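Structure file final_17.txt; described as compact mmCIF, C-alpha atoms.
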# COMPACT_ATOMS: atom_id res chain seq x y z
CA MET A 223 62.33 49.02 2.03
CA ALA A 224 61.72 45.49 3.27
CA LEU A 225 64.65 43.17 3.57
CA CYS A 226 64.69 40.26 1.16
CA LEU A 227 67.48 37.85 0.30
CA GLU A 228 66.33 34.91 -1.77
CA ALA A 229 68.22 31.85 -2.88
CA ARG A 230 66.88 29.50 -5.54
CA GLN A 231 68.21 26.00 -6.23
CA LEU A 232 71.40 26.87 -4.41
CA GLY A 233 74.07 24.20 -4.64
CA CYS A 234 77.75 23.89 -4.01
CA GLU A 235 80.13 21.18 -5.12
CA ARG A 236 83.45 20.55 -3.41
CA ASP A 237 85.97 17.85 -4.32
CA ASP A 238 83.45 16.04 -6.61
CA ARG A 239 80.87 15.94 -3.83
CA TRP A 240 77.75 18.05 -3.49
CA LEU A 241 77.82 19.75 -0.12
CA PHE A 242 74.22 20.77 -0.70
CA GLU A 243 71.98 21.28 -3.68
CA GLY A 244 68.52 22.52 -4.53
CA LEU A 245 68.27 24.83 -1.51
CA ASP A 246 65.49 27.41 -1.62
CA ILE A 247 65.85 30.04 1.08
CA ASP A 248 63.90 33.26 1.58
CA VAL A 249 65.42 35.49 4.22
CA LYS A 250 62.96 38.22 5.13
CA GLY A 251 62.82 40.88 7.82
CA GLY A 252 61.96 39.29 11.18
CA ASP A 253 63.45 35.88 10.31
CA ILE A 254 66.01 33.94 12.27
CA TRP A 255 67.54 31.18 10.15
CA ARG A 256 69.56 28.50 11.80
CA VAL A 257 71.79 26.32 9.64
CA ASP A 258 72.27 22.86 11.14
CA GLY A 259 74.48 20.00 10.17
CA PRO A 260 77.45 17.91 11.23
CA ASN A 261 81.05 19.12 10.84
CA GLY A 262 82.07 19.42 7.22
CA SER A 263 78.51 19.55 5.91
CA GLY A 264 79.03 22.99 4.35
CA LYS A 265 77.51 25.35 6.92
CA THR A 266 80.29 27.90 6.67
CA THR A 267 80.36 27.55 2.89
CA LEU A 268 76.62 28.26 2.75
CA LEU A 269 77.02 31.34 4.92
CA LYS A 270 79.91 32.56 2.78
CA ILE A 271 77.81 32.11 -0.35
CA LEU A 272 74.90 33.97 1.23
CA ALA A 273 77.29 36.76 2.27
CA GLY A 274 78.43 37.09 -1.34
CA GLN A 275 81.98 35.94 -0.60
CA LEU A 276 82.07 32.85 -2.79
CA ALA A 277 81.13 32.82 -6.43
CA ASP A 278 81.45 29.10 -7.25
CA TYR A 279 77.91 28.01 -6.56
CA SER A 280 75.02 26.92 -8.72
CA GLY A 281 71.58 28.50 -8.56
CA THR A 282 70.62 32.13 -8.12
CA LEU A 283 70.87 34.63 -5.30
CA ARG A 284 68.82 37.79 -5.27
CA TRP A 285 68.98 40.77 -2.97
CA GLN A 286 65.86 42.97 -3.01
CA GLY A 287 64.95 41.37 -6.33
CA ASN A 288 68.29 42.12 -8.05
CA PRO A 289 70.98 39.54 -8.72
CA LEU A 290 73.40 39.66 -5.79
CA HIS A 291 76.55 40.23 -7.84
CA ARG A 292 74.98 43.34 -9.35
CA ALA A 293 73.67 44.76 -6.08
CA ARG A 294 76.94 44.14 -4.24
CA ALA A 295 77.60 47.63 -2.82
CA HIS A 296 74.02 47.99 -1.66
CA PHE A 297 74.05 44.51 -0.15
CA ALA A 298 77.36 45.11 1.61
CA ALA A 299 76.00 48.31 3.16
CA ASN A 300 73.27 46.25 4.82
CA LEU A 301 75.28 43.21 5.84
CA LEU A 302 77.04 42.42 9.07
CA TYR A 303 79.11 39.26 8.70
CA LEU A 304 80.96 37.55 11.52
CA GLY A 305 83.15 34.72 10.33
CA HIS A 306 85.08 31.92 12.00
CA ALA A 307 87.95 34.29 12.68
CA PRO A 308 86.58 37.24 14.64
CA GLY A 309 88.35 39.85 12.47
CA VAL A 310 89.95 41.47 15.48
CA SER A 311 93.51 42.58 14.88
CA ALA A 312 95.83 41.54 17.73
CA GLY A 313 98.00 44.63 17.41
CA LEU A 314 95.16 47.09 17.90
CA THR A 315 93.11 47.93 20.96
CA PRO A 316 89.38 47.06 21.01
CA LEU A 317 88.55 50.74 20.47
CA GLU A 318 90.84 51.00 17.44
CA ASN A 319 89.45 47.77 16.02
CA LEU A 320 85.89 49.08 16.25
CA ALA A 321 86.90 52.47 14.83
CA TRP A 322 88.35 50.69 11.81
CA TYR A 323 85.15 48.67 11.27
CA GLN A 324 83.12 51.82 11.35
CA ALA A 325 85.50 53.56 8.95
CA LEU A 326 85.39 50.57 6.57
CA HIS A 327 81.69 51.27 6.27
CA GLY A 328 82.27 54.99 5.87
CA GLU A 329 81.27 56.02 9.38
CA ARG A 330 83.44 58.12 11.62
CA GLY A 331 81.45 57.35 14.77
CA SER A 332 82.45 58.66 18.16
CA GLU A 333 84.63 57.36 20.94
CA ALA A 334 81.66 57.48 23.36
CA GLN A 335 79.62 55.29 21.00
CA ARG A 336 82.39 52.71 20.79
CA GLU A 337 82.98 52.72 24.53
CA ALA A 338 79.26 52.18 25.08
CA ALA A 339 79.24 49.26 22.65
CA LEU A 340 82.23 47.68 24.41
CA SER A 341 80.69 48.13 27.83
CA THR A 342 77.46 46.40 26.72
CA MET A 343 79.70 43.45 25.83
CA GLY A 344 81.25 43.59 29.32
CA LEU A 345 84.63 44.87 28.21
CA GLU A 346 84.87 47.95 30.41
CA GLY A 347 88.42 48.75 31.42
CA LEU A 348 89.87 46.75 28.51
CA GLU A 349 89.27 49.42 25.86
CA ASP A 350 92.95 50.28 25.55
CA VAL A 351 94.53 46.87 25.99
CA PRO A 352 95.91 45.42 22.71
CA ALA A 353 93.44 42.77 21.56
CA GLY A 354 96.23 40.19 21.36
CA ARG A 355 96.39 40.18 25.14
CA LEU A 356 92.67 39.47 25.53
CA SER A 357 91.27 35.95 25.84
CA ALA A 358 89.57 34.24 22.88
CA GLY A 359 86.15 34.95 24.39
CA GLN A 360 86.98 38.59 24.97
CA GLN A 361 88.23 38.94 21.39
CA ARG A 362 84.97 37.49 20.14
CA ARG A 363 83.12 39.95 22.34
CA VAL A 364 85.00 42.80 20.66
CA ALA A 365 83.76 41.51 17.31
CA LEU A 366 80.22 41.08 18.67
CA ALA A 367 80.24 44.70 19.88
CA ARG A 368 79.71 45.58 16.22
CA LEU A 369 76.17 44.20 16.43
CA SER A 370 75.11 47.16 18.55
CA LEU A 371 77.65 49.62 17.12
CA THR A 372 76.88 49.40 13.41
CA PRO A 373 73.18 48.71 12.89
CA ARG A 374 72.71 46.51 9.84
CA ALA A 375 69.54 44.81 8.70
CA LEU A 376 71.03 41.43 7.84
CA TRP A 377 73.28 39.57 10.23
CA ILE A 378 75.18 36.52 9.03
CA LEU A 379 76.87 34.92 12.02
CA ASP A 380 79.14 31.90 11.79
CA GLU A 381 79.30 30.22 15.22
CA PRO A 382 78.83 33.45 17.16
CA PHE A 383 78.75 31.63 20.50
CA THR A 384 82.25 30.16 20.22
CA ALA A 385 84.27 30.87 23.37
CA ILE A 386 81.46 32.97 24.91
CA ASP A 387 80.46 32.28 28.52
CA HIS A 388 76.91 31.42 29.74
CA ALA A 389 75.92 34.98 30.60
CA GLY A 390 77.27 36.20 27.28
CA VAL A 391 75.33 33.54 25.38
CA ALA A 392 72.07 34.55 27.06
CA ALA A 393 72.69 38.23 26.31
CA LEU A 394 73.49 37.45 22.69
CA GLU A 395 70.35 35.31 22.33
CA THR A 396 68.29 38.23 23.64
CA GLN A 397 70.04 40.57 21.22
CA ILE A 398 69.39 38.26 18.26
CA ALA A 399 65.70 37.92 19.17
CA ALA A 400 65.41 41.70 19.59
CA HIS A 401 67.00 42.23 16.19
CA ALA A 402 64.47 39.95 14.51
CA GLN A 403 61.64 41.59 16.46
CA ALA A 404 62.77 44.97 15.17
CA GLY A 405 62.52 43.80 11.58
CA GLY A 406 66.08 42.62 11.00
CA ALA A 407 67.10 39.17 9.79
CA VAL A 408 69.66 36.74 11.15
CA VAL A 409 71.27 33.72 9.47
CA MET A 410 73.49 31.76 11.81
CA THR A 411 75.18 28.46 12.49
CA THR A 412 75.70 27.09 15.94
CA HIS A 413 76.04 23.75 17.71
CA HIS A 414 74.64 25.30 20.82
CA THR A 415 70.97 24.71 21.83
CA LEU A 416 69.33 28.02 21.11
CA ASN A 417 67.00 29.48 23.70
CA ILE A 418 65.37 32.24 21.73
CA ALA A 419 61.83 33.55 22.23
CA HIS A 420 61.26 33.92 18.51
CA PRO A 421 60.23 31.40 15.85
CA LEU A 422 63.23 29.85 14.12
CA CYS A 423 63.59 28.66 10.55
CA HIS A 424 65.86 25.68 9.98
CA ILE A 425 68.14 24.61 7.17
CA ALA A 426 69.45 21.10 7.70
CA LEU A 427 72.61 20.20 5.79
CA GLY A 428 74.42 16.92 5.50
CA MET B 54 61.69 41.58 25.33
CA PRO B 55 62.99 44.98 26.53
CA LEU B 56 60.81 47.76 25.16
CA SER B 57 63.66 50.07 24.23
CA GLU B 58 64.96 47.38 21.88
CA THR B 59 61.68 46.66 20.13
CA THR B 60 60.75 50.28 19.50
CA ARG B 61 63.87 50.81 17.41
CA ARG B 62 63.21 49.47 13.92
CA VAL B 63 65.94 48.06 11.74
CA ALA B 64 65.80 49.55 8.27
CA VAL B 65 67.46 48.59 5.02
CA ILE B 66 69.84 51.34 3.98
CA SER B 67 69.17 52.39 0.42
CA GLU B 68 71.79 55.04 -0.26
CA PRO B 69 74.97 53.76 -1.91
CA ALA B 70 78.40 54.42 -0.44
CA ASP B 71 79.81 57.67 -1.82
CA LYS B 72 83.26 59.08 -2.49
CA GLN B 73 83.64 60.80 0.84
CA HIS B 74 82.98 57.54 2.64
CA LEU B 75 85.68 55.88 0.59
CA GLY B 76 88.11 58.54 1.81
CA ILE B 77 87.27 57.70 5.42
CA ALA B 78 87.79 53.98 4.79
CA LEU B 79 91.13 54.52 3.02
CA GLY B 80 92.47 56.92 5.63
CA ALA B 81 91.48 54.60 8.45
CA THR B 82 93.06 51.57 6.78
CA LEU B 83 96.31 53.46 6.21
CA MET B 84 96.42 54.76 9.79
CA ARG B 85 95.51 51.34 11.14
CA ASP B 86 98.48 49.70 9.47
CA LEU B 87 100.86 52.47 10.53
CA ASN B 88 99.55 52.23 14.07
CA ARG B 89 99.91 48.49 14.16
CA MET B 90 103.49 48.58 12.90
CA ARG B 91 104.36 51.32 15.39
CA ARG B 92 103.56 48.79 18.13
CA ARG B 93 105.79 46.16 16.54
CA PRO B 94 108.92 48.16 15.74
CA GLY B 95 110.89 44.94 15.19
CA ASP B 96 108.97 44.18 12.00
CA VAL B 97 109.66 47.65 10.65
CA LEU B 98 113.32 47.65 11.62
CA ASN B 99 114.07 44.16 10.27
CA PRO B 100 114.39 45.10 6.55
CA LEU B 101 116.14 48.37 7.39
CA VAL B 102 118.72 46.66 9.58
CA PHE B 103 119.21 44.04 6.90
CA TYR B 104 119.80 46.79 4.34
CA ALA B 105 122.39 48.55 6.51
CA LEU B 106 124.19 45.36 7.53
CA ALA B 107 124.29 43.81 4.08
CA VAL B 108 125.65 47.00 2.49
CA SER B 109 128.28 47.44 5.19
CA LEU B 110 129.58 43.90 4.55
CA PHE B 111 130.62 44.65 0.96
CA PRO B 112 133.63 46.88 1.76
CA MET B 113 134.91 44.12 4.04
CA GLY B 114 134.20 41.30 1.63
CA ILE B 115 135.41 42.91 -1.59
CA SER B 116 137.92 45.65 -0.93
CA PRO B 117 137.96 48.87 1.06
CA GLU B 118 139.42 50.65 -1.95
CA ALA B 119 137.23 53.65 -2.79
CA SER B 120 137.75 53.59 -6.56
CA LEU B 121 136.68 49.95 -6.81
CA LEU B 122 133.68 50.37 -4.47
CA ALA B 123 132.41 53.49 -6.21
CA VAL B 124 132.03 51.55 -9.47
CA MET B 125 129.95 48.86 -7.85
CA ALA B 126 128.08 51.06 -5.37
CA PRO B 127 124.94 51.77 -7.50
CA GLY B 128 124.35 48.09 -8.19
CA LEU B 129 125.12 47.01 -4.62
CA LEU B 130 122.86 49.63 -3.08
CA TRP B 131 120.01 48.75 -5.40
CA VAL B 132 120.30 44.98 -5.18
CA THR B 133 120.34 45.07 -1.38
CA ALA B 134 117.40 47.49 -1.30
CA LEU B 135 115.49 45.07 -3.51
CA LEU B 136 116.28 42.10 -1.27
CA ALA B 137 115.36 44.09 1.84
CA ALA B 138 112.02 45.00 0.25
CA LEU B 139 111.46 41.34 -0.59
CA LEU B 140 112.17 40.39 3.01
CA SER B 141 109.42 42.66 4.28
CA LEU B 142 106.70 41.53 1.86
CA ASP B 143 105.64 38.28 3.48
CA GLY B 144 103.90 40.02 6.37
CA LEU B 145 101.95 42.45 4.19
CA PHE B 146 98.61 40.60 4.30
CA ARG B 147 99.49 37.70 6.60
CA SER B 148 98.05 38.94 9.90
CA ASP B 149 94.89 40.29 8.24
CA PHE B 150 94.41 36.93 6.57
CA ASP B 151 94.87 35.01 9.82
CA ASP B 152 92.62 37.12 12.01
CA GLY B 153 89.75 37.51 9.53
CA SER B 154 90.18 41.24 8.89
CA LEU B 155 90.72 40.55 5.19
CA GLU B 156 87.32 38.90 5.02
CA GLN B 157 85.79 42.02 6.52
CA MET B 158 87.61 44.17 3.96
CA MET B 159 86.17 42.04 1.16
CA LEU B 160 82.65 42.41 2.52
CA CYS B 161 82.63 46.15 3.07
CA PRO B 162 80.88 48.40 0.54
CA HIS B 163 84.18 49.79 -0.77
CA PRO B 164 86.27 48.22 -3.51
CA LEU B 165 89.02 45.91 -2.30
CA THR B 166 91.32 47.45 -4.93
CA SER B 167 91.45 50.81 -3.17
CA LEU B 168 91.80 49.27 0.28
CA ALA B 169 94.72 47.22 -1.04
CA VAL B 170 96.39 50.42 -2.25
CA ALA B 171 96.04 51.89 1.25
CA LYS B 172 97.74 48.83 2.72
CA VAL B 173 100.56 48.94 0.17
CA ALA B 174 101.00 52.67 0.82
CA ALA B 175 101.47 51.95 4.52
CA HIS B 176 104.02 49.27 3.63
CA TRP B 177 105.94 51.68 1.42
CA LEU B 178 105.93 54.44 4.05
CA LEU B 179 107.52 52.03 6.51
CA THR B 180 110.02 50.23 4.26
CA GLY B 181 110.68 51.94 0.90
CA LEU B 182 110.72 55.50 2.16
CA PRO B 183 113.00 54.87 5.18
CA MET B 184 115.36 52.89 2.92
CA ALA B 185 115.56 55.84 0.53
CA LEU B 186 116.26 58.13 3.48
CA MET B 187 119.08 56.00 4.87
CA ALA B 188 120.63 55.34 1.46
CA PRO B 189 122.90 58.47 1.50
CA VAL B 190 124.73 57.21 4.59
CA LEU B 191 125.22 53.80 3.01
CA GLY B 192 126.27 55.50 -0.22
CA ILE B 193 129.04 57.35 1.62
CA LEU B 194 130.09 54.03 3.17
CA LEU B 195 130.58 52.68 -0.37
CA ALA B 196 132.43 55.85 -1.50
CA LEU B 197 129.61 56.88 -3.81
CA PRO B 198 130.44 60.29 -5.35
CA MET B 199 128.54 63.10 -3.65
CA ASN B 200 126.93 64.34 -6.88
CA SER B 201 124.98 61.10 -7.29
CA ILE B 202 123.51 60.90 -3.76
CA GLY B 203 120.44 62.95 -4.65
CA VAL B 204 119.75 60.75 -7.67
CA LEU B 205 120.18 57.63 -5.52
CA MET B 206 117.49 58.86 -3.15
CA ALA B 207 115.13 59.92 -5.94
CA SER B 208 115.52 56.60 -7.73
CA LEU B 209 114.90 54.67 -4.52
CA VAL B 210 111.80 56.70 -3.66
CA LEU B 211 110.28 56.05 -7.10
CA GLY B 212 111.54 52.49 -7.44
CA SER B 213 110.64 51.24 -3.99
CA ALA B 214 107.04 52.34 -4.49
CA SER B 215 106.91 50.09 -7.57
CA LEU B 216 108.56 47.31 -5.57
CA SER B 217 105.87 47.57 -2.88
CA LEU B 218 103.05 47.53 -5.43
CA ILE B 219 104.43 44.62 -7.46
CA GLY B 220 105.40 42.76 -4.31
CA GLY B 221 101.84 43.20 -3.05
CA ILE B 222 100.63 40.95 -5.88
CA GLY B 223 103.01 38.19 -4.82
CA ALA B 224 102.14 38.64 -1.16
CA ALA B 225 98.44 38.44 -1.97
CA LEU B 226 98.89 35.28 -4.04
CA THR B 227 100.92 33.46 -1.40
CA VAL B 228 99.14 34.66 1.75
CA GLY B 229 97.14 31.45 2.06
CA LEU B 230 100.13 29.15 1.71
CA PRO B 231 101.92 27.91 4.82
CA ARG B 232 105.43 28.47 3.47
CA GLY B 233 104.73 31.02 0.82
CA SER B 234 107.85 33.15 1.11
CA VAL B 235 109.99 31.03 -1.24
CA LEU B 236 107.28 31.05 -3.88
CA LEU B 237 106.82 34.76 -3.26
CA SER B 238 110.46 35.47 -4.14
CA LEU B 239 110.23 33.37 -7.28
CA LEU B 240 107.05 35.11 -8.39
CA VAL B 241 108.14 38.63 -7.68
CA LEU B 242 111.86 38.75 -8.54
CA PRO B 243 111.44 38.61 -12.34
CA LEU B 244 109.04 41.54 -12.13
CA TYR B 245 111.54 43.49 -10.05
CA ILE B 246 114.25 43.35 -12.69
CA PRO B 247 113.16 46.39 -14.78
CA VAL B 248 113.02 48.50 -11.62
CA LEU B 249 116.51 47.32 -10.68
CA ILE B 250 117.93 48.07 -14.13
CA PHE B 251 116.59 51.60 -14.36
CA GLY B 252 117.19 52.36 -10.68
CA SER B 253 120.86 51.47 -10.67
CA GLY B 254 121.12 52.89 -14.21
CA ALA B 255 120.04 56.29 -12.92
CA VAL B 256 122.73 56.31 -10.23
CA GLN B 257 125.37 55.07 -12.68
CA ALA B 258 124.42 57.84 -15.12
CA ALA B 259 124.77 60.40 -12.35
CA ILE B 260 128.28 59.16 -11.56
CA MET B 261 129.30 59.24 -15.23
CA GLY B 262 127.76 62.68 -15.71
CA ASP B 263 125.21 61.36 -18.24
CA ALA B 264 121.60 62.41 -18.45
CA VAL B 265 119.75 61.14 -15.38
CA LEU B 266 116.23 62.20 -16.27
CA PRO B 267 115.50 59.44 -18.82
CA HIS B 268 116.19 56.80 -16.18
CA LEU B 269 114.09 58.54 -13.58
CA ALA B 270 111.32 59.08 -16.13
CA LEU B 271 111.31 55.37 -16.88
CA LEU B 272 111.14 54.59 -13.16
CA GLY B 273 108.20 56.99 -12.96
CA ALA B 274 106.55 55.25 -15.89
CA LEU B 275 107.03 51.87 -14.22
CA LEU B 276 105.46 53.27 -11.06
CA ALA B 277 102.51 54.65 -13.02
CA ALA B 278 101.97 51.28 -14.69
CA ALA B 279 102.26 49.50 -11.33
CA LEU B 280 99.74 51.94 -9.82
CA ILE B 281 97.27 51.24 -12.59
CA PHE B 282 97.51 47.47 -12.80
CA SER B 283 98.69 46.08 -9.48
CA PRO B 284 95.69 47.14 -7.32
CA TRP B 285 93.43 44.98 -9.49
CA ALA B 286 95.90 42.14 -9.49
CA ILE B 287 96.26 42.37 -5.71
CA ALA B 288 92.49 42.40 -5.15
CA ALA B 289 91.95 39.45 -7.50
CA SER B 290 94.80 37.51 -5.86
CA LEU B 291 93.40 38.16 -2.39
CA ARG B 292 90.02 36.82 -3.49
CA ILE B 293 91.67 33.67 -4.82
CA SER B 294 93.70 33.22 -1.64
CA ILE B 295 90.73 33.67 0.68
CA ASN B 296 88.31 31.46 -1.19
CA GLY B 297 90.82 28.77 -2.03

Just dump the structure as structure tokens.
Amino acid sequence: MALCLEARQLGCERDDRWLFEGLDIDVKGGDIWRVDGPNGSGKTTLLKILAGQLADYSGTLRWQGNPLHRARAHFAANLLYLGHAPGVSAGLTPLENLAWYQALHGERGSEAQREAALSTMGLEGLEDVPAGRLSAGQQRRVALARLSLTPRALWILDEPFTAIDHAGVAALETQIAAHAQAGGAVVMTTHHTLNIAHPLCHIALG
Amino acid sequence: MPLSETTRRVAVISEPADKQHLGIALGATLMRDLNRMRRRPGDVLNPLVFYALAVSLFPMGISPEASLLAVMAPGLLWVTALLAALLSLDGLFRSDFDDGSLEQMMLCPHPLTSLAVAKVAAHWLLTGLPMALMAPVLGILLALPMNSIGVLMASLVLGSASLSLIGGIGAALTVGLPRGSVLLSLLVLPLYIPVLIFGSGAVQAAIMGDAVLPHLALLGALLAAALIFSPWAIAASLRISING
């Protein structure tokens, strides 16, 4: 089945002000969408709407041709969303955090799999340290380890490069390009200049 | 582009999440919360220590006379248990809200209602259940007659589960507010009153030698109602809190 998330005449109003309106977006397999705009222009709000988190928008959203609110379970099974907060619990170790993510999506997974995912993110030796003792960048890396751990077709990433060092940014750019090359889709926001060997689609807000 | 990456195709999963998968998600969420609290024993002990300290103050403040204390013991034990439960509620969803885990729970293929029940169950296992287990000692401290100790424990086990479920609604509604704990108490206390009445009523009946079962049955009915309605209320409240 080919991936297809389409938005028609998407708009969102906040505090008597339209953040954006009349957006038509077609996210298909192989696409990388970059949402641009100044602070407060509604980038995160747009990503949350596309991820099915917010319901107060105008326009229609369809996943594989069905209205998003009706295809929710199916959509959620194909979505990997990384928000502003990395979703890494400070009281748990990176391994436990990843095990919980997998379980949330009904997968048991294996310890070896999770260790491999953490080591690709450069977190070897920190698997059993409570995440609260890791740096902000390392915590984000724990969250990013999900990209290789739980394969999902659609990635929605809100500022994935925050707190990540240069080498990490390059590796993540390669990973994003590879995902699109393999038929997946990515919608992301970032203020960072992307260096990706793959055509980008732009949404300019604000 | 590395070849190994490009040869692997990303496919859209078409099969819906099934029941067995839900079991995995619920078990993992329950264990996660228990695990997390095990690492922060202070948070678990806080309501329990409060319960023990508050109860032990009454003999000093009122009178050490056994006949007087025994009359008030059911009410005292239940009121303090209720306040201790209230004290522990604020943290129920707070850390998940702050670190973004709640967002992930909302976006997973499983219903938020069942995940919320798993979280409340973990809360009850670490506050309500231990309180019911330590109640006999506190009962003896207040000269509670021996024949009513069993009923005290049973009523606390049933009642505290309702308290956790009802309190979960308040915790979910106030999780986004900076100083939500005052509002939380105001929201939740009125709903706690039926549990308090039947809980202390059961212990009082046991002391008097009256029928205990009607009280316990009513506590069970309250728990059943809370089990049916509060998961939906908690999930809806969490959605409101997250999306402002």

Inset, instruction - Could you tell me which of B:Pro189, B:Gly254, B:Gly212, B:Gly297 comes closest to chain A if we count all atoms listed in the file? - result: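 Of the candidates, the smallest distance to chain A is held by B:Gly297.
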
Inset, instruction - Could you list the residues in chain B lying within 9 Å of chain A, using all atoms listed in the file, and format the result as a VMD selection string? - result: chain B and resid 54 to 55 58 to 71 73 to 82 85 88 to 90 92 to 93 148 to 164 292 296

Legend entry - Atomic separation - atom CA of Arg147 of chain B relative to atom CA of Leu241 of chain A, Å: 28.9 Å

Inset, instruction - Show which residues sit within 10 Å of Ala358 of chain A, as a list in words. Count all atoms listed in the file, and ignore same-chain residues fewer than 4 positions away. - result: Pro308, Ala353, Gly354, Arg362, Arg363, Val364, Thr384, Ala385 and Ile386 of chain A

Inset, instruction - Could you jot down the atom CA of Val228 of chain B to atom CA of Ile287 of chain B separation for me, Å, one decimal place? - result: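 Atom CA of Ile287 of chain B lies 11.1 Å from atom CA of Val228 of chain B.
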
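The space between atom CA of Gly281 of chain A and atom CA of Glu381 of chain A spans 25.1 Å.
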
Legend entry - Residue with smallest distance to Val132 of chain B - pool B:Val241, B:Ser217, B:Leu226, B:Val248, counting only C-alpha atoms: B:Val248

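Shell of segment 133-146 of chain B at 7 Å, with all atoms listed in the file counted and residues fewer than 2 places along the chain excluded, is Pro100, Phe103, Tyr104, Ala107, Val108, Leu129, Leu130, Trp131, Ser148, Asp149, Phe150, Thr180, Gly220, Ala224, Ala225, Val228, Ser234 and Ser238 of chain B.
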
Inset, instruction - Compile the contact shell of Leu122 of chain B as number ranges by chain: residues with an atom at most 12 Å away, counting all atoms listed in the file, same-chain residues fewer than 5 positions apart removed. - result: B: 108-117, 127-130, 191-198

Inset, instruction - Counting only C-alpha atoms, note down every residue that has an atom within 8 Å of the point (114.2, 52.8, 1.9) (file coordinates), as an MDAnalysis selection string. - result: chainID B and resid 101 134 180:188 209:210 213
